[in-house]
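Here is the file work.txt (compact mmCIF, C-alpha atoms and all ligand atoms).
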```txt
# COMPACT_ATOMS: atom_id res chain seq x y z
CA MET A 1 115.56 111.03 141.31
CA SER A 2 117.68 112.67 138.64
CA ARG A 3 118.58 116.37 138.76
CA SER A 4 119.37 116.32 135.03
CA LEU A 5 115.88 114.96 134.36
CA ASP A 6 114.27 117.61 136.58
CA PHE A 7 116.25 120.31 134.77
CA LEU A 8 115.13 118.94 131.40
CA THR A 9 111.48 118.78 132.48
CA GLU A 10 111.68 122.36 133.74
CA ALA A 11 113.34 123.55 130.52
CA LEU A 12 110.69 121.85 128.34
CA ARG A 13 108.05 123.94 130.11
CA ARG A 14 109.54 127.00 128.42
CA LEU A 15 107.92 125.73 125.21
CA PRO A 16 104.54 127.38 124.56
CA GLY A 17 101.56 125.15 125.33
CA VAL A 18 103.59 122.64 127.38
CA GLY A 19 102.42 122.08 130.97
CA PRO A 20 104.04 120.02 133.74
CA LYS A 21 102.48 116.69 132.68
CA SER A 22 103.42 116.97 129.04
CA ALA A 23 106.92 118.25 129.87
CA GLN A 24 107.42 115.11 131.97
CA ARG A 25 106.10 112.86 129.20
CA MET A 26 108.38 114.55 126.67
CA ALA A 27 111.43 114.14 128.93
CA PHE A 28 110.67 110.46 129.60
CA HIS A 29 110.04 109.81 125.93
CA LEU A 30 113.29 111.41 124.80
CA LEU A 31 115.44 109.66 127.42
CA GLN A 32 113.76 106.29 127.04
CA HIS A 33 113.07 106.09 123.32
CA ASP A 34 114.78 108.89 121.39
CA ARG A 35 118.12 110.06 122.77
CA GLU A 36 119.22 110.72 119.21
CA GLY A 37 116.24 113.08 118.81
CA ALA A 38 117.13 114.78 122.10
CA ALA A 39 120.73 115.33 120.99
CA MET A 40 119.51 116.60 117.61
CA LEU A 41 117.08 119.03 119.27
CA SER A 42 119.86 120.23 121.57
CA ARG A 43 122.06 121.00 118.57
CA ALA A 44 119.21 122.59 116.61
CA LEU A 45 118.39 124.93 119.51
CA TYR A 46 122.03 125.87 120.00
CA GLN A 47 122.52 126.53 116.31
CA ALA A 48 119.28 128.52 115.95
CA VAL A 49 120.04 130.75 118.93
CA ASP A 50 123.53 131.26 117.57
CA THR A 51 122.65 131.84 113.91
CA VAL A 52 119.12 133.13 113.42
CA HIS A 53 118.61 136.89 113.39
CA HIS A 54 116.27 139.26 111.58
CA CYS A 55 116.66 140.04 107.87
CA ALA A 56 117.94 143.60 107.48
CA MET A 57 115.30 144.30 104.84
CA CYS A 58 112.11 142.37 105.72
CA ASN A 59 112.68 141.61 109.41
CA THR A 60 111.85 137.89 109.10
CA PHE A 61 114.09 135.17 110.56
CA ALA A 62 117.21 134.62 108.47
CA ASP A 63 120.68 133.08 108.73
CA THR A 64 122.15 135.71 106.44
CA GLU A 65 122.21 139.53 106.63
CA VAL A 66 119.50 139.70 103.94
CA CYS A 67 117.15 136.73 103.46
CA GLU A 68 116.89 134.76 100.19
CA LEU A 69 113.55 136.26 99.23
CA CYS A 70 114.72 139.86 99.71
CA ALA A 71 117.88 139.05 97.75
CA ASP A 72 115.90 137.53 94.86
CA GLU A 73 116.38 139.90 91.89
CA SER A 74 113.26 138.59 90.13
CA ARG A 75 110.86 139.99 92.77
CA ASP A 76 108.99 143.24 92.13
CA ARG A 77 110.66 145.82 94.37
CA THR A 78 107.89 148.37 93.96
CA LEU A 79 105.48 146.26 96.04
CA LEU A 80 105.86 145.68 99.79
CA CYS A 81 103.45 143.34 101.61
CA VAL A 82 103.21 143.71 105.41
CA VAL A 83 102.40 140.53 107.36
CA GLU A 84 102.35 139.65 111.05
CA THR A 85 104.41 136.46 111.02
CA PRO A 86 106.70 134.32 108.83
CA ALA A 87 103.87 131.74 108.74
CA ASP A 88 101.55 134.33 107.18
CA GLN A 89 104.23 135.19 104.64
CA MET A 90 104.53 131.50 103.69
CA MET A 91 100.75 131.27 103.23
CA ILE A 92 100.79 134.21 100.81
CA GLU A 93 103.77 132.76 98.93
CA GLN A 94 101.79 129.56 98.44
CA THR A 95 99.03 131.42 96.61
CA LEU A 96 101.52 132.41 93.85
CA THR A 97 99.57 135.68 93.36
CA TYR A 98 102.18 138.02 94.77
CA LYS A 99 105.57 138.81 93.28
CA GLY A 100 106.69 141.72 95.46
CA LEU A 101 108.73 141.83 98.66
CA TYR A 102 107.58 141.57 102.29
CA PHE A 103 107.91 143.20 105.65
CA VAL A 104 107.31 140.85 108.58
CA LEU A 105 106.14 142.62 111.74
CA MET A 106 106.84 139.63 113.99
CA GLY A 107 103.71 140.50 115.93
CA ARG A 108 100.81 142.95 115.98
CA LEU A 109 99.75 145.96 117.98
CA SER A 110 98.18 144.63 121.16
CA PRO A 111 97.63 147.21 123.90
CA LEU A 112 96.29 144.50 126.25
CA ASP A 113 99.61 142.63 125.98
CA GLY A 114 101.57 145.88 126.21
CA ILE A 115 102.71 145.72 122.59
CA GLY A 116 102.74 149.24 121.17
CA PRO A 117 104.17 150.78 117.96
CA ARG A 118 107.63 151.01 119.50
CA ASP A 119 107.72 147.27 120.37
CA LEU A 120 106.88 146.39 116.75
CA HIS A 121 109.84 148.45 115.45
CA LEU A 122 107.57 150.30 113.04
CA ASP A 123 110.42 152.76 112.44
CA LYS A 124 112.17 149.93 110.58
CA LEU A 125 109.05 149.51 108.42
CA ILE A 126 108.91 153.26 107.67
CA GLY A 127 112.54 153.27 106.62
CA ARG A 128 111.94 150.24 104.41
CA ALA A 129 108.73 151.58 102.79
CA ALA A 130 110.24 155.02 102.16
CA ASP A 131 113.25 153.74 100.21
CA GLY A 132 112.07 155.54 97.08
CA VAL A 133 111.55 152.28 95.15
CA VAL A 134 108.45 150.92 96.91
CA ASN A 135 105.35 152.51 95.45
CA GLU A 136 102.59 150.42 97.07
CA VAL A 137 102.40 148.86 100.52
CA VAL A 138 99.89 145.96 100.76
CA LEU A 139 98.66 145.42 104.31
CA ALA A 140 98.11 141.71 104.93
CA THR A 141 97.81 141.61 108.71
CA ASN A 142 95.15 139.27 110.08
CA PHE A 143 91.48 140.25 109.95
CA THR A 144 91.19 140.01 113.72
CA ASN A 145 90.57 143.08 115.86
CA GLU A 146 94.27 143.43 116.62
CA GLY A 147 95.31 142.81 113.02
CA GLU A 148 92.79 145.40 111.75
CA ALA A 149 93.97 147.95 114.33
CA THR A 150 97.57 147.29 113.30
CA ALA A 151 96.69 147.75 109.61
CA HIS A 152 94.83 150.98 110.39
CA TYR A 153 97.74 152.38 112.39
CA ILE A 154 100.33 151.49 109.73
CA SER A 155 98.08 152.81 106.97
CA GLU A 156 97.73 156.23 108.63
CA MET A 157 101.46 156.32 109.35
CA LEU A 158 102.48 155.52 105.75
CA LYS A 159 99.83 157.63 104.02
CA ALA A 160 101.05 160.61 106.09
CA ARG A 161 104.39 160.06 104.32
CA GLY A 162 102.73 160.09 100.92
CA LEU A 163 102.87 156.34 100.27
CA LYS A 164 100.14 154.38 98.47
CA VAL A 165 98.67 151.81 100.86
CA SER A 166 96.28 148.94 100.09
CA ARG A 167 94.65 146.23 102.17
CA LEU A 168 93.84 142.61 101.24
CA ALA A 169 90.21 142.45 100.12
CA ARG A 170 87.71 141.12 102.61
CA GLY A 171 87.64 137.76 100.93
CA VAL A 172 89.32 136.64 104.12
CA PRO A 173 86.56 135.85 106.64
CA VAL A 174 86.19 138.50 109.37
CA GLY A 175 87.84 137.27 112.56
CA GLY A 176 89.87 134.76 110.55
CA GLU A 177 93.61 134.19 110.88
CA LEU A 178 95.53 133.97 107.61
CA GLU A 179 97.42 130.91 108.69
CA TYR A 180 94.21 128.87 108.78
CA VAL A 181 92.54 130.21 105.62
CA ASP A 182 92.68 128.25 102.38
CA ALA A 183 95.02 129.48 99.65
CA GLY A 184 92.17 130.16 97.21
CA THR A 185 90.52 132.67 99.55
CA ILE A 186 93.83 134.42 100.15
CA ALA A 187 94.50 134.48 96.40
CA ARG A 188 91.16 136.24 95.72
CA ALA A 189 91.75 138.67 98.54
CA MET A 190 95.15 139.49 97.09
CA LEU A 191 93.72 140.17 93.61
CA ASP A 192 90.84 142.25 95.06
CA ARG A 193 93.05 144.29 97.35
CA ARG A 194 91.71 147.80 97.80
CA SER A 195 93.16 151.21 98.59
CA ALA A 196 93.42 151.61 102.36
CA MET B 197 114.12 131.45 104.79
CA SER B 198 116.44 130.21 107.51
CA ARG B 199 117.96 126.72 107.38
CA SER B 200 118.65 126.87 111.13
CA LEU B 201 114.98 127.64 111.74
CA ASP B 202 113.88 124.76 109.48
CA PHE B 203 116.25 122.42 111.32
CA LEU B 204 114.86 123.58 114.68
CA THR B 205 111.25 123.12 113.55
CA GLU B 206 112.08 119.64 112.28
CA ALA B 207 113.86 118.71 115.54
CA LEU B 208 110.93 119.94 117.67
CA ARG B 209 108.72 117.44 115.84
CA ARG B 210 110.67 114.67 117.59
CA LEU B 211 108.80 115.65 120.76
CA PRO B 212 105.75 113.45 121.36
CA GLY B 213 102.45 115.15 120.52
CA VAL B 214 104.06 117.96 118.52
CA GLY B 215 102.85 118.32 114.90
CA PRO B 216 104.15 120.62 112.16
CA LYS B 217 102.03 123.65 113.17
CA SER B 218 102.95 123.53 116.84
CA ALA B 219 106.63 122.85 116.07
CA GLN B 220 106.61 126.02 113.97
CA ARG B 221 104.88 128.01 116.71
CA MET B 222 107.38 126.74 119.28
CA ALA B 223 110.36 127.65 117.08
CA PHE B 224 108.99 131.16 116.39
CA HIS B 225 108.19 131.70 120.06
CA LEU B 226 111.66 130.66 121.23
CA LEU B 227 113.51 132.75 118.66
CA GLN B 228 111.28 135.80 119.00
CA HIS B 229 110.50 135.86 122.71
CA ASP B 230 112.64 133.40 124.67
CA ARG B 231 116.15 132.81 123.35
CA GLU B 232 117.30 132.33 126.92
CA GLY B 233 114.77 129.50 127.29
CA ALA B 234 115.98 127.99 124.01
CA ALA B 235 119.60 128.05 125.18
CA MET B 236 118.56 126.59 128.53
CA LEU B 237 116.61 123.78 126.83
CA SER B 238 119.60 123.08 124.57
CA ARG B 239 121.87 122.68 127.61
CA ALA B 240 119.30 120.63 129.53
CA LEU B 241 118.92 118.19 126.63
CA TYR B 242 122.67 117.88 126.18
CA GLN B 243 123.20 117.31 129.90
CA ALA B 244 120.36 114.80 130.21
CA VAL B 245 121.53 112.73 127.24
CA ASP B 246 125.03 112.82 128.67
CA THR B 247 124.19 112.10 132.32
CA VAL B 248 120.94 110.22 132.76
CA HIS B 249 121.08 106.44 132.83
CA HIS B 250 119.14 103.70 134.59
CA CYS B 251 119.55 103.01 138.32
CA ALA B 252 121.41 99.72 138.79
CA MET B 253 118.84 98.62 141.38
CA CYS B 254 115.42 99.97 140.42
CA ASN B 255 115.94 100.79 136.73
CA THR B 256 114.50 104.31 136.98
CA PHE B 257 116.26 107.38 135.55
CA ALA B 258 119.22 108.44 137.70
CA ASP B 259 122.37 110.55 137.50
CA THR B 260 124.23 108.21 139.84
CA GLU B 261 124.93 104.46 139.67
CA VAL B 262 122.22 103.85 142.31
CA CYS B 263 119.38 106.38 142.73
CA GLU B 264 118.72 108.29 145.96
CA LEU B 265 115.67 106.27 146.87
CA CYS B 266 117.42 102.91 146.45
CA ALA B 267 120.37 104.25 148.47
CA ASP B 268 118.09 105.42 151.31
CA GLU B 269 118.88 103.19 154.33
CA SER B 270 115.55 103.98 155.99
CA ARG B 271 113.49 102.18 153.30
CA ASP B 272 112.15 98.67 153.93
CA ARG B 273 114.30 96.40 151.75
CA THR B 274 111.98 93.41 152.11
CA LEU B 275 109.31 95.08 149.95
CA LEU B 276 109.67 95.68 146.21
CA CYS B 277 106.97 97.57 144.32
CA VAL B 278 106.86 97.17 140.52
CA VAL B 279 105.57 100.15 138.53
CA GLU B 280 105.47 100.98 134.83
CA THR B 281 106.98 104.49 134.89
CA PRO B 282 108.82 106.99 137.11
CA ALA B 283 105.60 109.07 137.11
CA ASP B 284 103.69 106.11 138.63
CA GLN B 285 106.42 105.74 141.26
CA MET B 286 106.09 109.43 142.18
CA MET B 287 102.32 109.03 142.55
CA ILE B 288 102.79 106.14 144.99
CA GLU B 289 105.43 108.08 146.93
CA GLN B 290 102.94 110.92 147.33
CA THR B 291 100.49 108.61 149.12
CA LEU B 292 103.05 108.08 151.95
CA THR B 293 101.65 104.54 152.41
CA TYR B 294 104.63 102.66 151.09
CA LYS B 295 108.08 102.46 152.66
CA GLY B 296 109.72 99.76 150.54
CA LEU B 297 111.82 99.96 147.38
CA TYR B 298 110.74 100.01 143.73
CA PHE B 299 111.43 98.46 140.40
CA VAL B 300 110.50 100.64 137.43
CA LEU B 301 109.72 98.69 134.26
CA MET B 302 109.95 101.76 132.00
CA GLY B 303 107.08 100.34 130.00
CA ARG B 304 104.61 97.48 129.89
CA LEU B 305 104.12 94.31 127.90
CA SER B 306 102.43 95.34 124.68
CA PRO B 307 102.40 92.70 121.94
CA LEU B 308 100.68 95.12 119.53
CA ASP B 309 103.63 97.53 119.87
CA GLY B 310 106.11 94.66 119.71
CA ILE B 311 107.11 95.00 123.37
CA GLY B 312 107.71 91.54 124.82
CA PRO B 313 109.28 90.30 128.08
CA ARG B 314 112.77 90.65 126.62
CA ASP B 315 112.24 94.33 125.71
CA LEU B 316 111.19 95.09 129.29
CA HIS B 317 114.42 93.57 130.69
CA LEU B 318 112.43 91.36 133.06
CA ASP B 319 115.65 89.42 133.73
CA LYS B 320 116.84 92.52 135.61
CA LEU B 321 113.65 92.41 137.70
CA ILE B 322 114.12 88.69 138.47
CA GLY B 323 117.68 89.29 139.62
CA ARG B 324 116.53 92.18 141.78
CA ALA B 325 113.56 90.36 143.33
CA ALA B 326 115.61 87.22 144.03
CA ASP B 327 118.30 89.00 146.05
CA GLY B 328 117.35 87.03 149.18
CA VAL B 329 116.26 90.19 151.04
CA VAL B 330 113.02 91.00 149.19
CA ASN B 331 110.18 88.90 150.59
CA GLU B 332 107.17 90.50 148.88
CA VAL B 333 106.79 91.97 145.44
CA VAL B 334 103.87 94.42 145.11
CA LEU B 335 102.64 94.71 141.53
CA ALA B 336 101.49 98.28 140.87
CA THR B 337 101.27 98.30 137.09
CA ASN B 338 98.30 100.16 135.63
CA PHE B 339 94.85 98.58 135.66
CA THR B 340 94.62 98.75 131.89
CA ASN B 341 94.56 95.60 129.77
CA GLU B 342 98.29 95.87 129.11
CA GLY B 343 99.12 96.67 132.74
CA GLU B 344 97.05 93.72 133.97
CA ALA B 345 98.70 91.38 131.45
CA THR B 346 102.10 92.65 132.55
CA ALA B 347 101.22 92.07 136.22
CA HIS B 348 99.95 88.57 135.42
CA TYR B 349 103.09 87.68 133.50
CA ILE B 350 105.43 88.98 136.22
CA SER B 351 103.37 87.33 138.94
CA GLU B 352 103.64 83.89 137.29
CA MET B 353 107.34 84.43 136.67
CA LEU B 354 108.14 85.41 140.27
CA LYS B 355 105.84 82.89 141.96
CA ALA B 356 107.57 80.16 139.94
CA ARG B 357 110.72 81.27 141.77
CA GLY B 358 109.00 80.99 145.16
CA LEU B 359 108.48 84.69 145.76
CA LYS B 360 105.42 86.17 147.48
CA VAL B 361 103.60 88.44 145.04
CA SER B 362 100.76 90.88 145.72
CA ARG B 363 98.76 93.29 143.56
CA LEU B 364 97.34 96.70 144.43
CA ALA B 365 93.68 96.29 145.45
CA ARG B 366 91.07 97.17 142.88
CA GLY B 367 90.44 100.50 144.50
CA VAL B 368 91.98 101.83 141.33
CA PRO B 369 89.19 102.12 138.73
CA VAL B 370 89.33 99.46 136.03
CA GLY B 371 90.85 100.91 132.86
CA GLY B 372 92.39 103.72 134.90
CA GLU B 373 95.98 104.90 134.68
CA LEU B 374 97.76 105.47 138.00
CA GLU B 375 99.13 108.79 136.94
CA TYR B 376 95.63 110.27 136.73
CA VAL B 377 94.13 108.70 139.86
CA ASP B 378 93.85 110.70 143.09
CA ALA B 379 96.31 109.89 145.86
CA GLY B 380 93.56 108.76 148.27
CA THR B 381 92.40 106.01 145.93
CA ILE B 382 95.96 104.83 145.42
CA ALA B 383 96.54 104.89 149.19
CA ARG B 384 93.54 102.63 149.81
CA ALA B 385 94.57 100.31 147.02
CA MET B 386 98.03 100.06 148.55
CA LEU B 387 96.65 99.19 151.99
CA ASP B 388 94.20 96.65 150.47
CA ARG B 389 96.78 94.98 148.27
CA ARG B 390 96.05 91.28 147.79
CA SER B 391 98.08 88.16 147.08
CA ALA B 392 98.47 87.76 143.32
ZN ZN C 401 114.22 139.54 104.00
ZN ZN C 402 116.97 103.12 142.17
```
Can the structure from this file be put into structure tokens for me?
Amino acid sequence: MSRSLDFLTEALRRLPGVGPKSAQRMAFHLLQHDREGAAMLSRALYQAVDTVHHCAMCNTFADTEVCELCADESRDRTLLCVVETPADQMMIEQTLTYKGLYFVLMGRLSPLDGIGPRDLHLDKLIGRAADGVVNEVVLATNFTNEGEATAHYISEMLKARGLKVSRLARGVPVGGELEYVDAGTIARAMLDRRSA
Amino acid sequence: MSRSLDFLTEALRRLPGVGPKSAQRMAFHLLQHDREGAAMLSRALYQAVDTVHHCAMCNTFADTEVCELCADESRDRTLLCVVETPADQMMIEQTLTYKGLYFVLMGRLSPLDGIGPRDLHLDKLIGRAADGVVNEVVLATNFTNEGEATAHYISEMLKARGLKVSRLARGVPVGGELEYVDAGTIARAMLDRRSA
């Protein structure tokens, strides 16, 4: 009926978890009931694609060369916490138990998905951890198989360069994903972190 | 961390069925793995908001003043089928049992949601059905309580103006929504349609 509508439905399917039926429902909803929301989403997407890049220090999403957290002079620059995603970083921030800086992998090692050390830009992490100021790297990848394998790989890599490496204590349930664990559990795991 | 990312996450929540967690996952996915998809979705939204309006004849979404189906000279102009949504219209088209034209309500009467006859623009339907060419209106609203009430209301309204009105036969399961019914059932219901 409408090529613009077909194009919109097709484009909505690029969103993760959105199949043909829900893409159609979303398109109908926006055009029928929320054109203002559609225009806002259009602008937000354009602006994000145009503006958002990776922080030069911690690799998380940022609008500026260095993100606010990395630029914050009150953080302890001798501690570097490695997480898989920005969501995991936010969870740790919420526990208020950690005052150091972060490195966000933006993923995890996953041979089955073809994600190896090179895809994770681990060279950027090495450069960051070996800046001469960092004296402990806290591995806070998920306690899933892939997260554990990633932590193990990074641990070996950094220890070979003489860095002190620790891992969140196993207060986090085995198989659990940080994003869905309560802040109290993460807080205890942070305090009980052990040498890796 | 990134205002543009926060704005994008917020805007994605305007999509129906998308909560805070999935909006965040969508935003991360687009920025990390599919910036091309994000740019495409931005353009599709902009274009749809700019281009898509309602067909002057059938009220469905269209890029042109009158949609392709309404403009198709081979369709039987004496039959007018009333459906709730463009998705319902597509389902009926797939059955290949109907050769007339459509009127798409873009909704249903729903007092609980504050949707009355005026909100559905039923005056547009009256004008369309009373064009002197239409001689039967087939009501194909859903067989839910709201769809049945809508059919009843429209039926009374059109019969009062001397029009012949029919309803899809109850081959469609009671409480069922057309969009999720198999084409065979809809085909039989179309053939068995009864005077309303
Ligand atoms: Zn940073
Ligand atoms: Zn039309």
Coordinates of chain B after Cα superposition on chain A, as a short mmCIF file (atom, residue, chain, number, x, y, z; two decimals) with C-alpha atoms, keeping the file's coordinate frame:
```cif
data_model
loop_
_atom_site.label_atom_id
_atom_site.label_comp_id
_atom_site.auth_asym_id
_atom_site.auth_seq_id
_atom_site.Cartn_x
_atom_site.Cartn_y
_atom_site.Cartn_z
CA MET B 197 115.45 110.97 141.22
CA SER B 198 117.58 112.60 138.56
CA ARG B 199 118.48 116.30 138.73
CA SER B 200 119.27 116.29 134.99
CA LEU B 201 115.80 114.91 134.30
CA ASP B 202 114.17 117.54 136.54
CA PHE B 203 116.15 120.26 134.76
CA LEU B 204 115.05 118.90 131.37
CA THR B 205 111.39 118.74 132.42
CA GLU B 206 111.59 122.30 133.71
CA ALA B 207 113.25 123.54 130.49
CA LEU B 208 110.62 121.84 128.30
CA ARG B 209 107.98 123.92 130.08
CA ARG B 210 109.47 126.99 128.38
CA LEU B 211 107.86 125.72 125.17
CA PRO B 212 104.49 127.37 124.51
CA GLY B 213 101.51 125.13 125.27
CA VAL B 214 103.53 122.63 127.30
CA GLY B 215 102.33 122.04 130.89
CA PRO B 216 103.94 119.98 133.66
CA LYS B 217 102.39 116.64 132.60
CA SER B 218 103.35 116.94 128.95
CA ALA B 219 106.85 118.23 129.80
CA GLN B 220 107.32 115.09 131.89
CA ARG B 221 106.01 112.85 129.11
CA MET B 222 108.32 114.54 126.60
CA ALA B 223 111.36 114.14 128.86
CA PHE B 224 110.59 110.44 129.51
CA HIS B 225 109.97 109.80 125.83
CA LEU B 226 113.24 111.42 124.73
CA LEU B 227 115.36 109.66 127.34
CA GLN B 228 113.69 106.28 126.95
CA HIS B 229 113.01 106.11 123.22
CA ASP B 230 114.74 108.90 121.31
CA ARG B 231 118.07 110.08 122.71
CA GLU B 232 119.20 110.76 119.17
CA GLY B 233 116.23 113.12 118.75
CA ALA B 234 117.10 114.80 122.05
CA ALA B 235 120.70 115.36 120.96
CA MET B 236 119.50 116.64 117.59
CA LEU B 237 117.06 119.07 119.26
CA SER B 238 119.84 120.26 121.58
CA ARG B 239 122.08 121.05 118.59
CA ALA B 240 119.24 122.65 116.62
CA LEU B 241 118.38 124.97 119.52
CA TYR B 242 122.02 125.91 120.05
CA GLN B 243 122.52 126.59 116.34
CA ALA B 244 119.30 128.58 115.98
CA VAL B 245 120.04 130.80 118.98
CA ASP B 246 123.53 131.31 117.62
CA THR B 247 122.66 131.90 113.96
CA VAL B 248 119.15 133.20 113.45
CA HIS B 249 118.64 136.95 113.39
CA HIS B 250 116.30 139.33 111.59
CA CYS B 251 116.67 140.10 107.87
CA ALA B 252 117.95 143.66 107.45
CA MET B 253 115.29 144.32 104.81
CA CYS B 254 112.13 142.41 105.69
CA ASN B 255 112.70 141.67 109.39
CA THR B 256 111.89 137.96 109.10
CA PHE B 257 114.11 135.22 110.56
CA ALA B 258 117.26 134.69 108.48
CA ASP B 259 120.71 133.15 108.74
CA THR B 260 122.20 135.78 106.45
CA GLU B 261 122.24 139.60 106.64
CA VAL B 262 119.53 139.75 103.94
CA CYS B 263 117.17 136.78 103.45
CA GLU B 264 116.91 134.80 100.21
CA LEU B 265 113.58 136.28 99.23
CA CYS B 266 114.73 139.88 99.70
CA ALA B 267 117.90 139.08 97.74
CA ASP B 268 115.92 137.55 94.85
CA GLU B 269 116.38 139.90 91.85
CA SER B 270 113.27 138.57 90.12
CA ARG B 271 110.87 139.97 92.77
CA ASP B 272 108.97 143.21 92.11
CA ARG B 273 110.66 145.80 94.34
CA THR B 274 107.87 148.35 93.94
CA LEU B 275 105.48 146.24 96.04
CA LEU B 276 105.86 145.69 99.78
CA CYS B 277 103.48 143.36 101.61
CA VAL B 278 103.22 143.71 105.41
CA VAL B 279 102.41 140.54 107.36
CA GLU B 280 102.38 139.69 111.06
CA THR B 281 104.46 136.49 111.03
CA PRO B 282 106.75 134.35 108.84
CA ALA B 283 103.93 131.75 108.77
CA ASP B 284 101.58 134.35 107.21
CA GLN B 285 104.26 135.20 104.64
CA MET B 286 104.58 131.51 103.71
CA MET B 287 100.81 131.26 103.26
CA ILE B 288 100.83 134.20 100.83
CA GLU B 289 103.80 132.75 98.95
CA GLN B 290 101.84 129.53 98.49
CA THR B 291 99.07 131.40 96.65
CA LEU B 292 101.56 132.38 93.88
CA THR B 293 99.59 135.63 93.39
CA TYR B 294 102.18 137.98 94.78
CA LYS B 295 105.58 138.77 93.29
CA GLY B 296 106.69 141.70 95.45
CA LEU B 297 108.73 141.84 98.65
CA TYR B 298 107.59 141.59 102.28
CA PHE B 299 107.94 143.22 105.63
CA VAL B 300 107.33 140.89 108.57
CA LEU B 301 106.16 142.66 111.73
CA MET B 302 106.87 139.67 113.98
CA GLY B 303 103.75 140.57 115.92
CA ARG B 304 100.83 142.96 115.99
CA LEU B 305 99.77 145.99 117.97
CA SER B 306 98.21 144.67 121.15
CA PRO B 307 97.67 147.25 123.89
CA LEU B 308 96.34 144.56 126.26
CA ASP B 309 99.66 142.69 125.98
CA GLY B 310 101.61 145.94 126.20
CA ILE B 311 102.73 145.80 122.56
CA GLY B 312 102.77 149.32 121.13
CA PRO B 313 104.17 150.82 117.91
CA ARG B 314 107.64 151.06 119.45
CA ASP B 315 107.72 147.34 120.34
CA LEU B 316 106.89 146.43 116.73
CA HIS B 317 109.85 148.49 115.41
CA LEU B 318 107.56 150.34 113.00
CA ASP B 319 110.42 152.81 112.40
CA LYS B 320 112.16 149.96 110.54
CA LEU B 321 109.04 149.54 108.38
CA ILE B 322 108.89 153.29 107.63
CA GLY B 323 112.52 153.31 106.56
CA ARG B 324 111.92 150.28 104.37
CA ALA B 325 108.72 151.58 102.76
CA ALA B 326 110.22 155.02 102.11
CA ASP B 327 113.22 153.74 100.14
CA GLY B 328 112.01 155.54 97.00
CA VAL B 329 111.52 152.25 95.11
CA VAL B 330 108.42 150.89 96.89
CA ASN B 331 105.30 152.48 95.43
CA GLU B 332 102.57 150.38 97.07
CA VAL B 333 102.37 148.85 100.50
CA VAL B 334 99.90 145.94 100.76
CA LEU B 335 98.67 145.42 104.31
CA ALA B 336 98.13 141.71 104.94
CA THR B 337 97.83 141.63 108.71
CA ASN B 338 95.19 139.28 110.10
CA PHE B 339 91.52 140.25 110.00
CA THR B 340 91.25 140.02 113.77
CA ASN B 341 90.61 143.11 115.89
CA GLU B 342 94.31 143.47 116.63
CA GLY B 343 95.34 142.84 113.02
CA GLU B 344 92.83 145.41 111.75
CA ALA B 345 94.00 147.98 114.31
CA THR B 346 97.59 147.31 113.28
CA ALA B 347 96.70 147.75 109.59
CA HIS B 348 94.84 150.98 110.37
CA TYR B 349 97.74 152.38 112.36
CA ILE B 350 100.33 151.51 109.69
CA SER B 351 98.07 152.81 106.93
CA GLU B 352 97.72 156.23 108.59
CA MET B 353 101.44 156.33 109.29
CA LEU B 354 102.47 155.52 105.71
CA LYS B 355 99.82 157.62 103.97
CA ALA B 356 101.01 160.59 106.04
CA ARG B 357 104.34 160.04 104.27
CA GLY B 358 102.67 160.05 100.85
CA LEU B 359 102.80 156.31 100.23
CA LYS B 360 100.08 154.34 98.44
CA VAL B 361 98.62 151.78 100.83
CA SER B 362 96.25 148.90 100.09
CA ARG B 363 94.64 146.17 102.20
CA LEU B 364 93.84 142.58 101.29
CA ALA B 365 90.19 142.36 100.19
CA ARG B 366 87.71 141.04 102.70
CA GLY B 367 87.69 137.66 101.06
CA VAL B 368 89.37 136.59 104.26
CA PRO B 369 86.62 135.82 106.80
CA VAL B 370 86.24 138.45 109.51
CA GLY B 371 87.92 137.26 112.71
CA GLY B 372 89.96 134.76 110.70
CA GLU B 373 93.69 134.21 110.99
CA LEU B 374 95.61 133.97 107.71
CA GLU B 375 97.51 130.93 108.80
CA TYR B 376 94.31 128.87 108.93
CA VAL B 377 92.63 130.18 105.77
CA ASP B 378 92.76 128.18 102.53
CA ALA B 379 95.10 129.41 99.82
CA GLY B 380 92.25 130.07 97.35
CA THR B 381 90.59 132.57 99.67
CA ILE B 382 93.89 134.34 100.26
CA ALA B 383 94.55 134.40 96.50
CA ARG B 384 91.22 136.12 95.82
CA ALA B 385 91.78 138.56 98.64
CA MET B 386 95.18 139.41 97.18
CA LEU B 387 93.75 140.05 93.71
CA ASP B 388 90.87 142.13 95.19
CA ARG B 389 93.08 144.20 97.44
CA ARG B 390 91.72 147.72 97.92
CA SER B 391 93.18 151.13 98.68
CA ALA B 392 93.41 151.57 102.44
#
```
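Of the listed residues B:Asp388, B:Asp259, B:Asp309, B:Asp246, the one whose atoms come nearest to chain A is B:Asp259, with distances taken using all atoms listed in the file.
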*Counting all atoms listed in the file, what is within 8 Å of Lys99 of chain A, bar same-chain residues fewer than 2 positions away, as a count of residues only?*
6
Leaving out His54 of chain A and any residue of its chain fewer than 3 positions from it, which residues lie within 9 Å of it when counting all atoms listed in the file, given as a PDB file with C-alpha atoms, in the frame of the given file?
```pdb
ATOM      1  CA  MET A  57     115.300 144.300 104.840  1.00  0.00           C
ATOM      2  CA  CYS A  58     112.110 142.370 105.720  1.00  0.00           C
ATOM      3  CA  ASN A  59     112.680 141.610 109.410  1.00  0.00           C
ATOM      4  CA  THR A  60     111.850 137.890 109.100  1.00  0.00           C
ATOM      5  CA  PHE A  61     114.090 135.170 110.560  1.00  0.00           C
ATOM      6  CA  ALA A  62     117.210 134.620 108.470  1.00  0.00           C
ATOM      7  CA  ASP A  63     120.680 133.080 108.730  1.00  0.00           C
ATOM      8  CA  THR A  64     122.150 135.710 106.440  1.00  0.00           C
ATOM      9  CA  GLU A  65     122.210 139.530 106.630  1.00  0.00           C
ATOM     10  CA  VAL A  66     119.500 139.700 103.940  1.00  0.00           C
ATOM     11  CA  CYS A  67     117.150 136.730 103.460  1.00  0.00           C
TER      12      CYS A  67
END
```
